[in-house]
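K.L.:
Let me give you the structure first, and then I'll get to my questions.
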Amino acid sequence: MFLVSLKKLLKNKWLTLCLFLGCFLIVAVASSIPTYTAGIFSKVLVKEMESAQKESELYPGVISINAKYGWSAQDKAHGFKQYESNYKLINDCLSRNELSQLGNINRFDTLESGSYMAYQLTDQVKMNNSISKLNRIIGTTKIEDYIKIVKGEMYKPGLKDGCYEVIADAKSLKESKLVVGKTYQFAFSKNNVYKNKPYKIKITGVYEMKNPDDPFWFDGFEKYEQSIFLMDYNTLLNTMIKNDKFLITNSSTNLIYDYHNISISNVASTATKLEDIAASLQNNNTVKIPIMSKLVYYRDRQAWLTKLILLLNIPLCLILLFYIFTMAKLFVGYDENEIAVLKSRGATTFQVVKLYIIEFSLISIIALLFGIPFGMYLAGFIGYSNGFLSFVNRTAIHSPLSLPIILYALTSAAVFILTSLVPILFACKKNILSHKQQRNAKTKTPLWKLACLDIIFLGISFYGLYLYNNENKALLASNTAKTTNNPLIFIMSSLFIIGACLFALRIYPYLIKFIHWCGKKIWPAAIHVSMINLSRNKRTGSLLVLFLAFTISSGIFNAATARSINKNQEDQIRLSNGADIVLEISRTADFYAKINEDITRPVYITEFPINQIKNLKGVQAVSKVYSSSTMTTPTMQQGLHMLSVQPQQFSQVVWSRDDMNPYHINEYLNALAENPKGCFISPELLKKEEKKIGDTIFLQDENFYYPRVLQMTILGTIDRLPGYETFRTNSDNYFALTNFDYVFSLKTGVPYKHWIKLDKDVSTKEFYDSISDNKLLLNELVNTREQVIENVKNNPNIQGLNGTLSLSFILSLVITCTGLLLYWVIDVKSRSLQFSVLRSMGVSKRSLNSMLAFEQFIIAGFAIICGVLIGGLASTLFVHPISMFLNVKSQLLPFITLIQIGDYLRIFVVVILLLIVCLATIMSIVNRLNIASTLKLGED
C-alpha cells in the first residue's frame, strides 16, 4: 500500500508539489510562533539583566538567603540550634526546588560572628585595655578561590598551638590597629561584663580580591573592609561555634548562576521554583532574588505574546487551509473515477480514506523535515521587522529546537491531513452511477451562496464589533485604566474580510454579464470569446477572485494595523516628552569653573549661557522651559502642574499634532506672546476652580526657596500639554501653560530645562560626543529618539506585530501566486483544443495573448478593486479596537488609523509583478501549443 501511495504521488507530481507547499508553509508558520516568542523574550530578558547589572553594578544572577541569630552569651546554644534548624530548612527547600536548568550553580555558605574586642596577648581582658572593638570573624566556603594573599600567608584550618588563624584586608587591619603575624585575644562583652573566655586569634596574612568583576562579589567588597577577619569555614563552624561556644549572629547562603542560561523555555519553571523558595524561607530568613519579578513578568507575557501571534496569523491560516482544501480537491478530482469504482466494488470508506492518509502522511513527514528549520528561520525574519514590510539588521533571534516547537509543527501537520481528507469524504459518497450523473449535471449553486455565509459573516463581525465598542465605552466611563482584553476582535476582523470577499464573489458573475452586455456589439472576436469563457467558467474564476481579494485586503489591513499602532505609540512618547531632547544643565560652581576660569568660589548660577547649547552638534533650535508640579491655588493644595515656555522659541522645538487640541499649538503660543501675564489651563482645572475665560487665577509655586504668587489672566483652555505626562503624579488633569519670561522675572533663578530640536541627519552618538567635548555636566537628559527605539522599535510585542503581519502578507502572496499559476496552467491546458481551433480559424497568437491578458485583467482588476475597498473599510472599523486589545491606550492622543500611499504602492507592485509572471507563463504555454496534435487528439 505504501508503494501504491508513492506511485500515485509521483504520478500527480505538480499537484503533489502544490500540496507539499501548503503543508510546508503551515508547518513553518506554526513552528515559527514558539520559536519567536522563546527567542525574543530570552533575548530581551538577558538584555534587561545585562543593562541592570551595568547600571547598578550588581550581579543579578544570585539567590541570597540571610538569617540573624541571638546576640547574648546566654543565646549561644540557642543561636546554634537556630542555625542548624534553618540550615536544614534551606537544604530541604533547595532540594525540592532543584534548579539544574540554570546550569552550574555555585553555592557559598557564610557564618558571621558577633563583635569581639581585641587585646594584646599579655594584657588583662578589661574594657579599657582593648586595642579595638567591633571585630568580627567570617567563614565562607570556597572563598579561597576568589582572593589572593598580598602579604603573609593563607590561614590554616583547625586549631594550631591553641590559636585560630585568620586573614584580613588592609583596610580592616588599619581600622582595628592590628598587625600581621601577631596573636591577639578576642573577647565578647555585654554591658561591660565578659561572658566567655578569650579566644586566641593569629593574623597570618593580608588578602585582596582576585577578580573584582567575578560574580562572587555580587554585593560588593565593602562589608569585608569593616574590621572583618576571614577564617576557614569548617573550623569556624565545627570547632569554634559548635565545640568552643563561639557566638554566631548571622549566616547566609548565596547561590550564584549564569543568568544567560535562562531562556523562555525554562522561565516558567524557574519563576515557579524561585517563588516557592522565597515563600518557604521568608519567615526565618531575608530572601533576595533580584530577577524574580522579571521572570514572573516574562512568564506571564510569553503566554500573552503567543496568543497575540496566533491571533495575528488567523487570516494566513485561513487562506492556507483554503488553499490546502482546494489543492486536495483538485488532487482527488483526478481520482474520482477510481474512487467511484472502488466504492461500487465494495470498498469501505475507511479503506479508501486510509490510502489517502498514507499519501498525505508522506507529504507531512517531508514537510516537517523541511518546515521546522524554515519556521525557525522565519522567527528570525519576524525579529528583523521595523514596521510593515520594513526590516533592519538586528541581532538574530536564536532559539534551540524544543518540545513546544515540535508540538506546534505536529499539530499543524495533523490539521493539514484532516483538511485534505475532507474532499475524500465527499468523493466517497459517490458510486459510478452518481459520479457520471454529477459530471453531466448542471453546475449547482455553491453551498456558501445558498447558506448566505457572506451575509452571516458580515452580520456576526458587525455585531461583535458593536459589543466590543460598548464594552470599552463602559470601562472608560468607569474611570478604570483597563480596556477589554477579548481576543474575539481578531476573529471579527477576519470574518469581516472573508464575508466581504464572499459578498464580492456573489456580485462577480453579474458584473461579468453586465460588462459583456455593454460591449457585446463592439467586442473583437477574441474578447468576445474571453467574456463567454469567464461567464461559463464561474467556479475557477471565482476562486481566483477570492484568493486575490483576500490577499490584497489582508495586506492593506495588516499595513494599516502595523502602521497605525506604531505611529500612535511613537506619538504618545513624543507628546509625553515634548521635544527631541530635554536636558537640565548643572548650575554649580564645579561645572562653571570648567567653562569660566574666573569662577573660583561656590556659587549658584541663575542663568546659563545658552550659546553653549546652541553650539552643540545637530541642534536646530533650543528653548528654555520651566516645569513645576508643586503649584497650588487658593482651593488646590496639590496636583497642579505648570509649564512656562518662551513662545517663539518653544514653537520651534515642541512636538505637536494637528488633532492634539482644538487649535494648533502655535495659536496658543501667539496668544501667550501677546499677553505675557496670561495663561491657558486645562478644562478640568477651569471647572474645579469655578472660573471662566477672562477671569484672574492665582498660582503659587512651592518649588523654589521662596514661594511667589503669580496673578494671571485665563486666556482659554488647552486639552493636551506637551511634556505634561513626564511630570504627572496622579490621574487628575490639572495643568497651566504660562509665559516663561513673566515667571522668570518674578522668580529669578528657577531651575529651568532646555528643550532641543535635533537635526534628523545627526545621530544621538554625535550629539552625546558634542556634550562631552563641551564639558557639559547634566543633571537630567531625556532622549525621545532612544525611547522610541526602546519602547516601540525593540518592543517584543510591536516587533511580533510588525513581523507577523509582514510575514502573513508575504506568505499569502506566495500562496496566491501558486494558486494563480496553477489555475491558469490548468485552465490553458483544458482549453488547448479551443485555442487550437481558434488558431486554425486564423486567430493570431497576438490575439490569443490579448484574450488571455484581457481575462486576467478582468479577474485581477475586480479582485484588486474589491481588495482595496475591503481592506480600507476593515482598517477603519477594526484597527482601533485591535490597538486597545494590545494596550495601546489613546488617553493621551486621539487614535488615528493611518494608511500610507507607500503601503498601497508596495502591495500593488508585488501583485502586478505576480500577474506579469503568471501571464508570461501561460503565454509561453499557448505559444508552444502544437495545433495539429491537439486537433488530432480532439478528433479521437
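Just so we're on the same page: first chain in the C-alpha cells is A, next is B, and so on; residues restart at 1 for each chain, and ligands are numbered from 1 in the order they show up.
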Might you pull out every residue within 9 Å of A:Ala30, with only C-alpha atoms counted and same-chain residues fewer than 6 positions away left off, and present them as a list of chain:residue names?
P.N.:
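The contact residues come out as A:Leu310, A:Ile372, A:Gly375, A:Ile405, A:Tyr408, A:Ala409, A:Thr411, A:Ser412.
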K.L.:
I'd like the contact shell of stretch 231-243 of chain A - 10 Å cut-off, only C-alpha atoms, skipping same-chain residues fewer than 6 positions apart - returned as a PyMOL selection string.
P.N.:
chain A and resi 76-77+79-81+109-113+137-144+154-159+164-168+199+201+203
K.L.:
I want to know what sits within 10 Å of A:Ala525, based on only C-alpha atoms, with residues of the same chain fewer than 6 positions away left out; could you give that as a PyMOL selection string?
P.N.:
chain A and resi 531+843+847+851
K.L.:
When DSSP works through the backbone of this structure, what residues of stretch 312-425 of chain A end up as alpha helix (DSSP H), shown as a ChimeraX atom specification?
P.N.:
/A:312,314-333,336-344,349-383,403-425
K.L.:
Store the residues of this selection in a file with C-alpha atoms, as a PDB file, in the first residue's frame.
P.N.:
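Printed below is again-v8.pdb as written:
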ATOM      1  CA  LEU A 312      -2.495  37.705  14.022  1.00  0.00           C
ATOM      2  CA  ILE A 314      -5.656  33.771  11.693  1.00  0.00           C
ATOM      3  CA  PRO A 315      -6.058  35.268   8.173  1.00  0.00           C
ATOM      4  CA  LEU A 316      -2.922  33.488   6.935  1.00  0.00           C
ATOM      5  CA  CYS A 317      -4.032  30.187   8.445  1.00  0.00           C
ATOM      6  CA  LEU A 318      -7.449  30.556   6.833  1.00  0.00           C
ATOM      7  CA  ILE A 319      -6.015  31.177   3.393  1.00  0.00           C
ATOM      8  CA  LEU A 320      -3.553  28.296   3.859  1.00  0.00           C
ATOM      9  CA  LEU A 321      -6.352  25.927   4.850  1.00  0.00           C
ATOM     10  CA  PHE A 322      -8.467  27.111   1.943  1.00  0.00           C
ATOM     11  CA  TYR A 323      -5.511  26.611  -0.375  1.00  0.00           C
ATOM     12  CA  ILE A 324      -4.874  23.101   1.010  1.00  0.00           C
ATOM     13  CA  PHE A 325      -8.568  22.222   0.627  1.00  0.00           C
ATOM     14  CA  THR A 326      -8.569  23.489  -2.971  1.00  0.00           C
ATOM     15  CA  MET A 327      -5.397  21.597  -3.899  1.00  0.00           C
ATOM     16  CA  ALA A 328      -6.704  18.431  -2.231  1.00  0.00           C
ATOM     17  CA  LYS A 329      -9.946  18.787  -4.166  1.00  0.00           C
ATOM     18  CA  LEU A 330      -8.015  19.051  -7.445  1.00  0.00           C
ATOM     19  CA  PHE A 331      -5.856  16.110  -6.375  1.00  0.00           C
ATOM     20  CA  VAL A 332      -8.907  13.984  -5.666  1.00  0.00           C
ATOM     21  CA  GLY A 333     -10.605  15.198  -8.842  1.00  0.00           C
ATOM     22  CA  GLU A 336     -12.875  10.395  -8.638  1.00  0.00           C
ATOM     23  CA  ASN A 337     -13.391   7.666 -11.264  1.00  0.00           C
ATOM     24  CA  GLU A 338     -11.113   5.322  -9.360  1.00  0.00           C
ATOM     25  CA  ILE A 339     -12.821   6.081  -6.033  1.00  0.00           C
ATOM     26  CA  ALA A 340     -16.256   5.534  -7.594  1.00  0.00           C
ATOM     27  CA  VAL A 341     -15.123   2.154  -8.988  1.00  0.00           C
ATOM     28  CA  LEU A 342     -13.696   1.105  -5.605  1.00  0.00           C
ATOM     29  CA  LYS A 343     -16.921   2.064  -3.817  1.00  0.00           C
ATOM     30  CA  SER A 344     -19.025   0.191  -6.405  1.00  0.00           C
ATOM     31  CA  THR A 349     -14.981   4.499   3.148  1.00  0.00           C
ATOM     32  CA  PHE A 350     -12.280   3.748   5.733  1.00  0.00           C
ATOM     33  CA  GLN A 351     -10.327   1.626   3.249  1.00  0.00           C
ATOM     34  CA  VAL A 352     -10.359   4.432   0.670  1.00  0.00           C
ATOM     35  CA  VAL A 353      -9.534   7.113   3.237  1.00  0.00           C
ATOM     36  CA  LYS A 354      -6.688   5.010   4.656  1.00  0.00           C
ATOM     37  CA  LEU A 355      -4.972   5.040   1.276  1.00  0.00           C
ATOM     38  CA  TYR A 356      -5.065   8.861   1.174  1.00  0.00           C
ATOM     39  CA  ILE A 357      -3.996   9.129   4.815  1.00  0.00           C
ATOM     40  CA  ILE A 358      -0.790   7.348   3.848  1.00  0.00           C
ATOM     41  CA  GLU A 359      -0.273   9.711   0.899  1.00  0.00           C
ATOM     42  CA  PHE A 360      -0.870  12.857   2.929  1.00  0.00           C
ATOM     43  CA  SER A 361       1.233  11.498   5.800  1.00  0.00           C
ATOM     44  CA  LEU A 362       4.178  11.061   3.441  1.00  0.00           C
ATOM     45  CA  ILE A 363       3.775  14.683   2.357  1.00  0.00           C
ATOM     46  CA  SER A 364       3.530  15.757   6.020  1.00  0.00           C
ATOM     47  CA  ILE A 365       6.688  13.903   7.063  1.00  0.00           C
ATOM     48  CA  ILE A 366       8.744  15.571   4.340  1.00  0.00           C
ATOM     49  CA  ALA A 367       7.143  18.945   5.162  1.00  0.00           C
ATOM     50  CA  LEU A 368       8.048  18.502   8.842  1.00  0.00           C
ATOM     51  CA  LEU A 369      11.670  17.781   7.993  1.00  0.00           C
ATOM     52  CA  PHE A 370      11.996  20.974   5.955  1.00  0.00           C
ATOM     53  CA  GLY A 371       9.259  23.131   7.519  1.00  0.00           C
ATOM     54  CA  ILE A 372      10.554  23.204  11.108  1.00  0.00           C
ATOM     55  CA  PRO A 373      14.019  24.598  10.168  1.00  0.00           C
ATOM     56  CA  PHE A 374      12.363  27.085   7.829  1.00  0.00           C
ATOM     57  CA  GLY A 375       9.956  28.113  10.586  1.00  0.00           C
ATOM     58  CA  MET A 376      12.883  28.761  12.899  1.00  0.00           C
ATOM     59  CA  TYR A 377      14.364  30.931  10.157  1.00  0.00           C
ATOM     60  CA  LEU A 378      11.043  32.777   9.828  1.00  0.00           C
ATOM     61  CA  ALA A 379      11.221  33.581  13.553  1.00  0.00           C
ATOM     62  CA  GLY A 380      14.415  35.499  12.864  1.00  0.00           C
ATOM     63  CA  PHE A 381      12.668  37.177   9.938  1.00  0.00           C
ATOM     64  CA  ILE A 382       9.970  38.401  12.330  1.00  0.00           C
ATOM     65  CA  GLY A 383      12.653  39.736  14.681  1.00  0.00           C
ATOM     66  CA  LEU A 403       9.192  20.431  22.623  1.00  0.00           C
ATOM     67  CA  PRO A 404       6.725  23.312  22.033  1.00  0.00           C
ATOM     68  CA  ILE A 405       8.131  23.832  18.520  1.00  0.00           C
ATOM     69  CA  ILE A 406       7.713  20.131  17.713  1.00  0.00           C
ATOM     70  CA  LEU A 407       4.179  20.066  19.152  1.00  0.00           C
ATOM     71  CA  TYR A 408       3.125  23.114  17.129  1.00  0.00           C
ATOM     72  CA  ALA A 409       4.570  21.563  13.963  1.00  0.00           C
ATOM     73  CA  LEU A 410       2.902  18.182  14.561  1.00  0.00           C
ATOM     74  CA  THR A 411      -0.433  19.860  15.262  1.00  0.00           C
ATOM     75  CA  SER A 412      -0.232  21.847  12.029  1.00  0.00           C
ATOM     76  CA  ALA A 413       0.655  18.674  10.087  1.00  0.00           C
ATOM     77  CA  ALA A 414      -2.370  16.931  11.609  1.00  0.00           C
ATOM     78  CA  VAL A 415      -4.579  19.871  10.597  1.00  0.00           C
ATOM     79  CA  PHE A 416      -3.198  19.572   7.054  1.00  0.00           C
ATOM     80  CA  ILE A 417      -4.099  15.883   6.878  1.00  0.00           C
ATOM     81  CA  LEU A 418      -7.623  16.445   8.242  1.00  0.00           C
ATOM     82  CA  THR A 419      -8.270  19.349   5.851  1.00  0.00           C
ATOM     83  CA  SER A 420      -7.003  17.328   2.888  1.00  0.00           C
ATOM     84  CA  LEU A 421      -9.296  14.419   3.786  1.00  0.00           C
ATOM     85  CA  VAL A 422     -12.486  16.496   3.570  1.00  0.00           C
ATOM     86  CA  PRO A 423     -12.739  16.240  -0.276  1.00  0.00           C
ATOM     87  CA  ILE A 424     -12.024  12.483   0.022  1.00  0.00           C
ATOM     88  CA  LEU A 425     -15.006  12.030   2.319  1.00  0.00           C
TER      89      LEU A 425
END
K.L.:
Taking the backbone alone, and naming residues the way the document does, which bits of stretch 748-889 of chain A are strand (DSSP E) by DSSP, as a list in words?
P.N.:
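Matching residues for strand (DSSP E) in stretch 748-889 of chain A are Lys753, His754, Trp755, Ile756, Lys757, Leu758, Leu778, Asn779, Glu780, Leu781, Val782 and Asn783 of chain A.
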K.L.:
With all heavy atoms retained, write the just-selected residues as a compact mmCIF listing (two decimals), in the first residue's frame.
P.N.:
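Done, and the output landed in part.txt:
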# COMPACT_ATOMS: atom_id res chain seq x y z
N LYS A 753 14.74 73.97 32.30
CA LYS A 753 15.40 72.98 31.45
C LYS A 753 15.48 73.54 30.02
O LYS A 753 14.86 74.55 29.71
CB LYS A 753 14.64 71.66 31.45
CG LYS A 753 14.56 71.03 32.84
CD LYS A 753 13.77 69.74 32.83
CE LYS A 753 13.70 69.15 34.24
NZ LYS A 753 12.94 67.89 34.28
N HIS A 754 16.20 72.83 29.19
CA HIS A 754 16.32 73.21 27.79
C HIS A 754 15.69 72.13 26.92
O HIS A 754 16.06 70.96 27.02
CB HIS A 754 17.80 73.41 27.40
CG HIS A 754 18.45 74.57 28.07
ND1 HIS A 754 19.08 74.47 29.30
CD2 HIS A 754 18.58 75.88 27.69
CE1 HIS A 754 19.56 75.64 29.65
NE2 HIS A 754 19.29 76.52 28.70
N TRP A 755 14.75 72.56 26.11
CA TRP A 755 14.13 71.65 25.13
C TRP A 755 14.80 71.90 23.79
O TRP A 755 14.94 73.05 23.36
CB TRP A 755 12.63 71.89 25.03
CG TRP A 755 11.85 71.40 26.22
CD1 TRP A 755 12.33 71.23 27.48
CD2 TRP A 755 10.47 71.05 26.25
NE1 TRP A 755 11.34 70.79 28.31
CE2 TRP A 755 10.18 70.66 27.58
CE3 TRP A 755 9.47 71.02 25.31
CZ2 TRP A 755 8.92 70.25 27.96
CZ3 TRP A 755 8.20 70.60 25.70
CH2 TRP A 755 7.93 70.22 27.01
N ILE A 756 15.21 70.81 23.13
CA ILE A 756 16.04 70.92 21.94
C ILE A 756 15.41 70.15 20.79
O ILE A 756 14.89 69.04 20.98
CB ILE A 756 17.46 70.36 22.21
CG1 ILE A 756 18.14 71.20 23.31
CG2 ILE A 756 18.31 70.34 20.95
CD1 ILE A 756 19.46 70.62 23.78
N LYS A 757 15.48 70.75 19.62
CA LYS A 757 15.11 70.05 18.39
C LYS A 757 16.39 69.69 17.66
O LYS A 757 17.22 70.55 17.37
CB LYS A 757 14.23 70.93 17.49
CG LYS A 757 13.77 70.22 16.21
CD LYS A 757 12.82 71.09 15.41
CE LYS A 757 12.36 70.38 14.14
NZ LYS A 757 11.64 69.12 14.42
N LEU A 758 16.55 68.40 17.36
CA LEU A 758 17.77 67.90 16.72
C LEU A 758 17.58 67.77 15.21
O LEU A 758 16.47 67.47 14.73
CB LEU A 758 18.15 66.53 17.28
CG LEU A 758 18.94 66.47 18.58
CD1 LEU A 758 19.29 65.03 18.89
CD2 LEU A 758 20.17 67.33 18.53
N LEU A 778 25.43 67.35 33.21
CA LEU A 778 23.98 67.29 33.14
C LEU A 778 23.39 66.70 34.41
O LEU A 778 23.92 65.71 34.95
CB LEU A 778 23.52 66.44 31.94
CG LEU A 778 24.08 66.82 30.57
CD1 LEU A 778 23.51 65.90 29.51
CD2 LEU A 778 23.77 68.28 30.24
N ASN A 779 22.30 67.28 34.85
CA ASN A 779 21.51 66.68 35.93
C ASN A 779 20.50 65.68 35.37
O ASN A 779 20.15 64.70 36.02
CB ASN A 779 20.76 67.76 36.72
CG ASN A 779 21.70 68.57 37.58
OD1 ASN A 779 22.81 68.13 37.88
ND2 ASN A 779 21.28 69.76 37.96
N GLU A 780 20.03 65.95 34.16
CA GLU A 780 19.00 65.09 33.57
C GLU A 780 19.08 65.20 32.05
O GLU A 780 19.39 66.26 31.50
CB GLU A 780 17.60 65.51 34.04
CG GLU A 780 16.48 64.68 33.46
CD GLU A 780 15.10 65.22 33.84
OE1 GLU A 780 15.04 66.28 34.51
OE2 GLU A 780 14.11 64.60 33.45
N LEU A 781 18.81 64.09 31.37
CA LEU A 781 18.73 64.09 29.91
C LEU A 781 17.65 63.10 29.48
O LEU A 781 17.69 61.93 29.86
CB LEU A 781 20.08 63.73 29.28
CG LEU A 781 20.16 63.91 27.75
CD1 LEU A 781 21.57 64.28 27.35
CD2 LEU A 781 19.76 62.64 27.02
N VAL A 782 16.70 63.58 28.71
CA VAL A 782 15.63 62.74 28.16
C VAL A 782 15.79 62.74 26.64
O VAL A 782 15.76 63.79 26.01
CB VAL A 782 14.23 63.27 28.55
CG1 VAL A 782 13.15 62.42 27.89
CG2 VAL A 782 14.08 63.27 30.06
N ASN A 783 15.97 61.56 26.07
CA ASN A 783 16.17 61.42 24.62
C ASN A 783 14.96 60.70 24.04
O ASN A 783 14.77 59.49 24.25
CB ASN A 783 17.45 60.64 24.34
CG ASN A 783 17.83 60.68 22.86
OD1 ASN A 783 16.98 60.72 21.99
ND2 ASN A 783 19.12 60.67 22.59
K.L.:
Show me, as number ranges by chain, the residues that have an atom within 12 Å of A:Asp219 when counting only C-alpha atoms, minus same-chain residues fewer than 5 positions from it.
P.N.:
A: 53, 56-64, 212-214, 224, 254, 256, 288, 290
K.L.:
Since we have the selection now, will you write its residues out, keeping all heavy atoms, as a short mmCIF file (atom, residue, chain, number, x, y, z; two decimals), in the first residue's frame?
P.N.:
data_model
loop_
_atom_site.label_atom_id
_atom_site.label_comp_id
_atom_site.auth_asym_id
_atom_site.auth_seq_id
_atom_site.Cartn_x
_atom_site.Cartn_y
_atom_site.Cartn_z
N GLN A 53 22.61 45.13 35.43
CA GLN A 53 23.93 44.91 36.03
C GLN A 53 24.86 46.08 35.74
O GLN A 53 25.62 46.52 36.62
CB GLN A 53 24.54 43.61 35.50
CG GLN A 53 25.91 43.30 36.08
CD GLN A 53 26.49 42.01 35.54
OE1 GLN A 53 25.83 41.28 34.82
NE2 GLN A 53 27.73 41.73 35.87
N SER A 56 23.45 49.23 37.91
CA SER A 56 23.58 49.12 39.36
C SER A 56 24.92 48.59 39.81
O SER A 56 25.25 48.66 41.01
CB SER A 56 22.48 48.19 39.91
OG SER A 56 22.65 46.88 39.39
N GLU A 57 25.70 48.04 38.84
CA GLU A 57 27.00 47.43 39.14
C GLU A 57 26.85 46.29 40.12
O GLU A 57 27.77 45.97 40.90
CB GLU A 57 27.99 48.47 39.66
CG GLU A 57 28.31 49.57 38.65
CD GLU A 57 29.35 50.54 39.16
OE1 GLU A 57 29.70 50.45 40.35
OE2 GLU A 57 29.80 51.40 38.37
N LEU A 58 25.68 45.65 40.14
CA LEU A 58 25.42 44.48 40.98
C LEU A 58 25.02 43.32 40.10
O LEU A 58 24.23 43.48 39.17
CB LEU A 58 24.32 44.77 42.01
CG LEU A 58 24.62 45.86 43.05
CD1 LEU A 58 23.42 46.10 43.91
CD2 LEU A 58 25.84 45.47 43.89
N TYR A 59 25.55 42.13 40.38
CA TYR A 59 25.27 40.96 39.57
C TYR A 59 23.86 40.44 39.89
O TYR A 59 23.55 40.17 41.06
CB TYR A 59 26.30 39.88 39.85
CG TYR A 59 26.20 38.67 38.96
CD1 TYR A 59 26.63 38.73 37.64
CD2 TYR A 59 25.65 37.48 39.42
CE1 TYR A 59 26.55 37.62 36.81
CE2 TYR A 59 25.55 36.37 38.60
CZ TYR A 59 26.00 36.45 37.30
OH TYR A 59 25.90 35.37 36.48
N PRO A 60 22.96 40.30 38.89
CA PRO A 60 21.58 39.91 39.17
C PRO A 60 21.36 38.41 39.32
O PRO A 60 20.34 37.99 39.87
CB PRO A 60 20.82 40.45 37.95
CG PRO A 60 21.82 40.44 36.85
CD PRO A 60 23.16 40.69 37.48
N GLY A 61 22.31 37.58 38.84
CA GLY A 61 22.10 36.14 38.87
C GLY A 61 22.46 35.52 40.19
O GLY A 61 23.40 34.72 40.30
N VAL A 62 21.72 35.87 41.24
CA VAL A 62 22.05 35.39 42.57
C VAL A 62 20.77 35.17 43.37
O VAL A 62 19.75 35.85 43.18
CB VAL A 62 22.97 36.41 43.30
CG1 VAL A 62 22.25 37.74 43.51
CG2 VAL A 62 23.45 35.86 44.63
N ILE A 63 20.82 34.17 44.25
CA ILE A 63 19.77 33.95 45.25
C ILE A 63 20.45 34.10 46.61
O ILE A 63 21.34 33.32 46.98
CB ILE A 63 19.16 32.55 45.12
CG1 ILE A 63 18.58 32.35 43.71
CG2 ILE A 63 18.07 32.33 46.17
CD1 ILE A 63 18.15 30.92 43.43
N SER A 64 20.04 35.11 47.34
CA SER A 64 20.68 35.44 48.62
C SER A 64 19.71 35.15 49.77
O SER A 64 18.61 35.70 49.80
CB SER A 64 21.11 36.91 48.63
OG SER A 64 21.71 37.24 49.86
N PRO A 212 37.78 41.56 40.79
CA PRO A 212 36.64 42.34 41.29
C PRO A 212 35.36 42.14 40.47
O PRO A 212 34.26 42.39 40.99
CB PRO A 212 37.14 43.80 41.18
CG PRO A 212 38.63 43.70 41.15
CD PRO A 212 38.94 42.41 40.46
N ASP A 213 35.49 41.71 39.21
CA ASP A 213 34.31 41.53 38.37
C ASP A 213 33.68 40.16 38.51
O ASP A 213 32.66 39.87 37.86
CB ASP A 213 34.68 41.76 36.89
CG ASP A 213 35.14 43.18 36.63
OD1 ASP A 213 34.62 44.09 37.31
OD2 ASP A 213 36.01 43.38 35.76
N ASP A 214 34.25 39.30 39.33
CA ASP A 214 33.69 37.96 39.49
C ASP A 214 32.33 38.05 40.20
O ASP A 214 32.17 38.83 41.14
CB ASP A 214 34.65 37.09 40.32
CG ASP A 214 34.32 35.62 40.21
OD1 ASP A 214 33.30 35.21 40.78
OD2 ASP A 214 35.06 34.89 39.52
N TYR A 224 33.55 43.55 53.75
CA TYR A 224 34.77 42.88 54.19
C TYR A 224 35.82 43.86 54.69
O TYR A 224 36.85 43.45 55.22
CB TYR A 224 35.35 42.05 53.04
CG TYR A 224 34.48 40.89 52.64
CD1 TYR A 224 33.55 41.02 51.62
CD2 TYR A 224 34.59 39.66 53.29
CE1 TYR A 224 32.75 39.95 51.25
CE2 TYR A 224 33.80 38.59 52.92
CZ TYR A 224 32.87 38.73 51.90
OH TYR A 224 32.07 37.68 51.54
N ASN A 254 24.33 31.84 49.60
CA ASN A 254 24.22 32.53 48.31
C ASN A 254 24.41 31.53 47.18
O ASN A 254 25.38 30.78 47.17
CB ASN A 254 25.27 33.64 48.21
CG ASN A 254 25.06 34.72 49.25
OD1 ASN A 254 23.94 35.16 49.47
ND2 ASN A 254 26.13 35.15 49.90
N ILE A 256 24.89 31.41 43.16
CA ILE A 256 25.27 32.25 42.03
C ILE A 256 25.25 31.42 40.75
O ILE A 256 25.80 30.31 40.72
CB ILE A 256 26.67 32.88 42.25
CG1 ILE A 256 26.65 33.76 43.50
CG2 ILE A 256 27.09 33.70 41.04
CD1 ILE A 256 27.99 34.34 43.86
N LYS A 288 16.54 37.40 48.98
CA LYS A 288 16.64 38.38 47.89
C LYS A 288 16.92 37.65 46.58
O LYS A 288 17.94 36.96 46.46
CB LYS A 288 17.76 39.39 48.18
CG LYS A 288 17.50 40.27 49.40
CD LYS A 288 18.65 41.24 49.62
CE LYS A 288 18.41 42.10 50.85
NZ LYS A 288 19.53 43.05 51.08
N PRO A 290 16.97 39.04 42.87
CA PRO A 290 16.79 40.27 42.06
C PRO A 290 15.96 40.07 40.79
O PRO A 290 15.23 40.98 40.40
CB PRO A 290 18.23 40.68 41.72
CG PRO A 290 19.07 40.05 42.78
CD PRO A 290 18.39 38.77 43.13
#
K.L.:
May I ask which of the residues A:Ser530, A:Gln652, A:Thr818, A:Asn91 is the closest one to A:Leu17, counting only C-alpha atoms?
P.N.:
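Comparing A:Ser530, A:Gln652, A:Thr818, A:Asn91 against A:Leu17, the winner is A:Thr818.
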K.L.:
With distances taken over only C-alpha atoms, which residue among A:Gly181, A:Pro796, A:Gly22, A:Pro894 lies nearest A:Ser812?
P.N.:
A:Gly22
K.L.:
Between atom CA of A:His260 and atom CA of A:Ile289, what distance in Å does the model show, to one decimal?
P.N.:
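Atom-to-atom, atom CA of A:His260 to atom CA of A:Ile289, that is 15.6 Å.
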K.L.:
A:Leu616: which residues within 9 Å, counting only C-alpha atoms, same-chain residues fewer than 6 positions away excluded, as a list in words?
P.N.:
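In the requested format, the answer is Phe767, Ser770, Ile771 and Asn774 of chain A.
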K.L.:
Write out as a list of chain:residue names each polymer residue whose atoms come within 10 Å of A:Val868, counting only C-alpha atoms; drop sequence neighbours fewer than 5 positions from it.
P.N.:
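Using only C-alpha atoms, the neighbours found are A:Ala549, A:Phe550, A:Ile552, A:Ser553, A:Ser554, A:Gly555, A:Ile556, A:Phe557, A:Ala863, A:Leu873, A:Ala874, A:Tyr904, A:Ile907, A:Phe908.
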